[in-house]
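Let me begin by presenting the structure, written as C-alpha cells, before commenting on it.
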Amino acid sequence: MVVGNVLRISQSSVSRAVHNVSLALSIISRNYVSFPDDLVKVKRDFQNVGRMPGVIGCIDGTHVRIVRPVNFKKAYVNRKNYHSINVQGICDADCRYLSINATKPGLSGLYDIQSQRDWKKIC
C-alpha cells in the first residue's frame with residue numbers, strides 16, 4: 001500500500017488499520033447511509049444534474065488490498081493477482097452514499113455483488 005510505503009508502516013499494520021476502520025464504519029453506517037424514501041426526488045435530481053431520466057444512483061466499485069486471510073485464501077485473490085475485498089458504493093446526484101457493500105472477497109466481481117440484491121424493491 002502506498003500509505004504504508006510513504007509512512008514506513010508494515011503491510012500487516014496497514015491492513016489491520018483498514019480492517020478496523022472498515023468495521024467501525026460498517027457499525028455506524030446504518031445511521032448515515034441509506035436509500036431515501038423519496039426516489040422520485042432522486043430521479044429528478046439526476047435529471048437536473050446530468051439530463052439522465054430515471055436514474056436513482058451511480059454505482060462503482062474498487063478492490064481494497066488486504067493481508068492474505070487464513071481461510072478461503074483463493075477467494076480473495078482478485079484479477080490483478082493480489083488479495084482484496086471488493087467494495088461497492090452507490091451515490092445520489094449530490095454524491096451522498098446511498099449504499100456501501102464491502103462483504104465480498106476480491107474474486108467476486110461487481111456483477112456478483114449487484115446480482116445478490118433485489119433491485120426491484122428499490123426502483
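Every chain in the C-alpha cells has a letter given in the order shown (A, B, ...), and although residue numbers restart at 1 in each chain, ligands are simply numbered from 1 in the order shown.
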Would you mind writing down, as a list in words, each residue of region 67-117 of chain A that DSSP on the backbone assigns to helix (DSSP H, G or I)? Lys73, Lys74, Ala75, Tyr76, Leu110, Tyr111, Asp112, Ile113, Gln114 and Ser115 of chain A
Write out as number ranges by chain each polymer residue whose atoms come within 9 Å of Arg79 (chain A), counting only C-alpha atoms; drop sequence neighbours fewer than 3 positions from it. A: 82, 106-107
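Surrounding region 17-20 of chain A within 12 Å are Met1, Val3, Gly4, Ile9, Ser10, Gln11, Ser12, Ser13, Val14, Ser15, Ser22, Leu23, Ala24, Leu25, Ser26, Ile27, Val64, Arg65, Ile66, Val67, Pro69, Ser84, Ile85, Ala102 and Thr103 of chain A, with only C-alpha atoms counted and residues fewer than 2 positions along the same chain left out.
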Just write the chosen residues, N, CA, C and O atoms, as an mmCIF file, in the first residue's frame.
```cif
data_model
loop_
_atom_site.group_PDB
_atom_site.id
_atom_site.type_symbol
_atom_site.label_atom_id
_atom_site.label_comp_id
_atom_site.auth_asym_id
_atom_site.auth_seq_id
_atom_site.Cartn_x
_atom_site.Cartn_y
_atom_site.Cartn_z
ATOM 1 N N MET A 1 0.850 -1.177 0.000
ATOM 2 C CA MET A 1 0.000 0.000 0.000
ATOM 3 C C MET A 1 0.893 1.236 0.000
ATOM 4 O O MET A 1 1.907 1.282 0.692
ATOM 5 N N VAL A 3 0.373 4.251 1.232
ATOM 6 C CA VAL A 3 0.453 4.936 2.523
ATOM 7 C C VAL A 3 1.482 4.257 3.410
ATOM 8 O O VAL A 3 2.297 4.914 4.057
ATOM 9 N N GLY A 4 1.454 2.934 3.443
ATOM 10 C CA GLY A 4 2.414 2.200 4.254
ATOM 11 C C GLY A 4 3.839 2.439 3.814
ATOM 12 O O GLY A 4 4.746 2.578 4.643
ATOM 13 N N ILE A 9 5.159 2.057 7.274
ATOM 14 C CA ILE A 9 4.331 1.192 8.117
ATOM 15 C C ILE A 9 4.197 -0.138 7.397
ATOM 16 O O ILE A 9 3.980 -0.179 6.188
ATOM 17 N N SER A 10 4.279 -1.222 8.123
ATOM 18 C CA SER A 10 4.241 -2.547 7.504
ATOM 19 C C SER A 10 2.879 -2.828 6.863
ATOM 20 O O SER A 10 1.856 -2.256 7.259
ATOM 21 N N GLN A 11 2.888 -3.729 5.882
ATOM 22 C CA GLN A 11 1.657 -4.136 5.191
ATOM 23 C C GLN A 11 0.635 -4.669 6.192
ATOM 24 O O GLN A 11 -0.546 -4.348 6.123
ATOM 25 N N SER A 12 1.085 -5.476 7.140
ATOM 26 C CA SER A 12 0.143 -6.056 8.106
ATOM 27 C C SER A 12 -0.478 -4.979 8.994
ATOM 28 O O SER A 12 -1.669 -5.041 9.306
ATOM 29 N N SER A 13 0.286 -3.967 9.373
ATOM 30 C CA SER A 13 -0.260 -2.868 10.188
ATOM 31 C C SER A 13 -1.275 -2.053 9.403
ATOM 32 O O SER A 13 -2.328 -1.688 9.932
ATOM 33 N N VAL A 14 -0.974 -1.772 8.144
ATOM 34 C CA VAL A 14 -1.916 -1.031 7.302
ATOM 35 C C VAL A 14 -3.188 -1.849 7.120
ATOM 36 O O VAL A 14 -4.302 -1.326 7.234
ATOM 37 N N SER A 15 -3.049 -3.143 6.863
ATOM 38 C CA SER A 15 -4.227 -3.999 6.674
ATOM 39 C C SER A 15 -5.079 -4.054 7.937
ATOM 40 O O SER A 15 -6.307 -4.020 7.860
ATOM 41 N N SER A 22 -12.788 -0.086 8.555
ATOM 42 C CA SER A 22 -13.932 -0.628 7.812
ATOM 43 C C SER A 22 -14.995 -1.167 8.758
ATOM 44 O O SER A 22 -16.188 -0.938 8.566
ATOM 45 N N LEU A 23 -14.567 -1.880 9.787
ATOM 46 C CA LEU A 23 -15.502 -2.415 10.774
ATOM 47 C C LEU A 23 -16.229 -1.287 11.497
ATOM 48 O O LEU A 23 -17.458 -1.321 11.645
ATOM 49 N N ALA A 24 -15.490 -0.273 11.919
ATOM 50 C CA ALA A 24 -16.107 0.863 12.609
ATOM 51 C C ALA A 24 -17.113 1.575 11.711
ATOM 52 O O ALA A 24 -18.211 1.931 12.155
ATOM 53 N N LEU A 25 -16.746 1.765 10.442
ATOM 54 C CA LEU A 25 -17.676 2.418 9.503
ATOM 55 C C LEU A 25 -18.922 1.579 9.273
ATOM 56 O O LEU A 25 -20.026 2.109 9.182
ATOM 57 N N SER A 26 -18.749 0.261 9.190
ATOM 58 C CA SER A 26 -19.918 -0.596 8.959
ATOM 59 C C SER A 26 -20.869 -0.551 10.148
ATOM 60 O O SER A 26 -22.080 -0.650 9.983
ATOM 61 N N ILE A 27 -20.328 -0.385 11.350
ATOM 62 C CA ILE A 27 -21.170 -0.330 12.543
ATOM 63 C C ILE A 27 -22.020 0.947 12.559
ATOM 64 O O ILE A 27 -23.203 0.907 12.898
ATOM 65 N N VAL A 64 -9.968 -3.304 -2.290
ATOM 66 C CA VAL A 64 -9.161 -2.826 -1.177
ATOM 67 C C VAL A 64 -8.222 -3.961 -0.786
ATOM 68 O O VAL A 64 -8.664 -5.049 -0.419
ATOM 69 N N ARG A 65 -6.925 -3.695 -0.899
ATOM 70 C CA ARG A 65 -5.911 -4.713 -0.618
ATOM 71 C C ARG A 65 -5.956 -5.116 0.858
ATOM 72 O O ARG A 65 -6.117 -4.266 1.734
ATOM 73 N N ILE A 66 -5.830 -6.418 1.106
ATOM 74 C CA ILE A 66 -5.813 -6.956 2.462
ATOM 75 C C ILE A 66 -4.655 -7.944 2.605
ATOM 76 O O ILE A 66 -4.093 -8.392 1.616
ATOM 77 N N VAL A 67 -4.331 -8.267 3.837
ATOM 78 C CA VAL A 67 -3.367 -9.325 4.103
ATOM 79 C C VAL A 67 -4.046 -10.660 3.785
ATOM 80 O O VAL A 67 -5.242 -10.827 4.039
ATOM 81 N N PRO A 69 -5.863 -13.825 3.934
ATOM 82 C CA PRO A 69 -6.600 -14.404 5.058
ATOM 83 C C PRO A 69 -6.167 -15.848 5.319
ATOM 84 O O PRO A 69 -5.607 -16.515 4.449
ATOM 85 N N SER A 84 -7.754 -9.131 -1.834
ATOM 86 C CA SER A 84 -8.544 -7.916 -1.633
ATOM 87 C C SER A 84 -9.972 -8.259 -1.250
ATOM 88 O O SER A 84 -10.404 -9.401 -1.372
ATOM 89 N N ILE A 85 -10.676 -7.222 -0.782
ATOM 90 C CA ILE A 85 -12.122 -7.299 -0.679
ATOM 91 C C ILE A 85 -12.680 -6.345 -1.725
ATOM 92 O O ILE A 85 -12.046 -5.364 -2.100
ATOM 93 N N ALA A 102 -19.151 -3.958 1.449
ATOM 94 C CA ALA A 102 -17.752 -4.391 1.497
ATOM 95 C C ALA A 102 -17.686 -5.797 2.082
ATOM 96 O O ALA A 102 -16.861 -6.091 2.938
ATOM 97 N N THR A 103 -18.570 -6.677 1.610
ATOM 98 C CA THR A 103 -18.677 -8.006 2.201
ATOM 99 C C THR A 103 -18.153 -9.116 1.311
ATOM 100 O O THR A 103 -18.112 -10.263 1.735
#
```
Quick one: residues within 7 Å of Asn101 (chain A), only C-alpha atoms counted, chain neighbours fewer than 4 positions away excluded, as a PDB file with N, CA, C and O atoms, in the first residue's frame?
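And here's selection-v9.pdb as it stands now:
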```pdb
ATOM      1  N   VAL A  87     -15.305  -3.632  -2.809  1.00  0.00           N
ATOM      2  CA  VAL A  87     -16.152  -2.621  -2.188  1.00  0.00           C
ATOM      3  C   VAL A  87     -16.975  -1.936  -3.265  1.00  0.00           C
ATOM      4  O   VAL A  87     -16.440  -1.466  -4.262  1.00  0.00           O
ATOM      5  N   GLN A  88     -18.279  -1.903  -3.051  1.00  0.00           N
ATOM      6  CA  GLN A  88     -19.209  -1.266  -3.996  1.00  0.00           C
ATOM      7  C   GLN A  88     -19.900  -0.103  -3.296  1.00  0.00           C
ATOM      8  O   GLN A  88     -20.274  -0.210  -2.127  1.00  0.00           O
ATOM      9  N   GLY A  89     -20.053   1.007  -3.988  1.00  0.00           N
ATOM     10  CA  GLY A  89     -20.779   2.142  -3.443  1.00  0.00           C
ATOM     11  C   GLY A  89     -21.786   2.677  -4.447  1.00  0.00           C
ATOM     12  O   GLY A  89     -21.561   2.615  -5.654  1.00  0.00           O
TER      13      GLY A  89
END
```
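For the set A:Phe35, A:Phe72, A:Val42, A:His63, the residue with the smallest atom-to-atom gap to Leu98 (chain A) is A:Phe35, counting only C-alpha atoms.
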With only C-alpha atoms as the atoms that count, which of A:Gly61, A:Arg44, A:Tyr97, A:Lys73 lies nearest to Asn31 (chain A)?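 Among A:Gly61, A:Arg44, A:Tyr97, A:Lys73, it is A:Tyr97 that comes nearest to Asn31 (chain A).
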So, with only C-alpha atoms as the atoms that count, which of A:Ser29, A:Ser34, A:Gln47, A:Asn71 lies closest to Ile90 (chain A)?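 Counting only C-alpha atoms, the residue closest to Ile90 (chain A) is A:Ser34.
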Residues near Lys43 (chain A), cut-off 6 Å, only C-alpha atoms, skip fewer than 3 positions along chain, as a ChimeraX atom specification: /A:40,46,54-56
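Atom pair CA of Gly57 (chain A) / CA of Asp45 (chain A) has a distance of 10.3 Å (rounded to one decimal).
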With only C-alpha atoms as the basis for distance, which of A:Ile28, A:Ala93, A:Ala75, A:Val70 is at the shortest distance from Cys58 (chain A)?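 Closest to Cys58 (chain A) of all the choices is A:Ala93.
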So what do you get for CA of Arg16 (chain A) versus CA of Tyr76 (chain A), distance-wise?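 The value is 16.0 Å.
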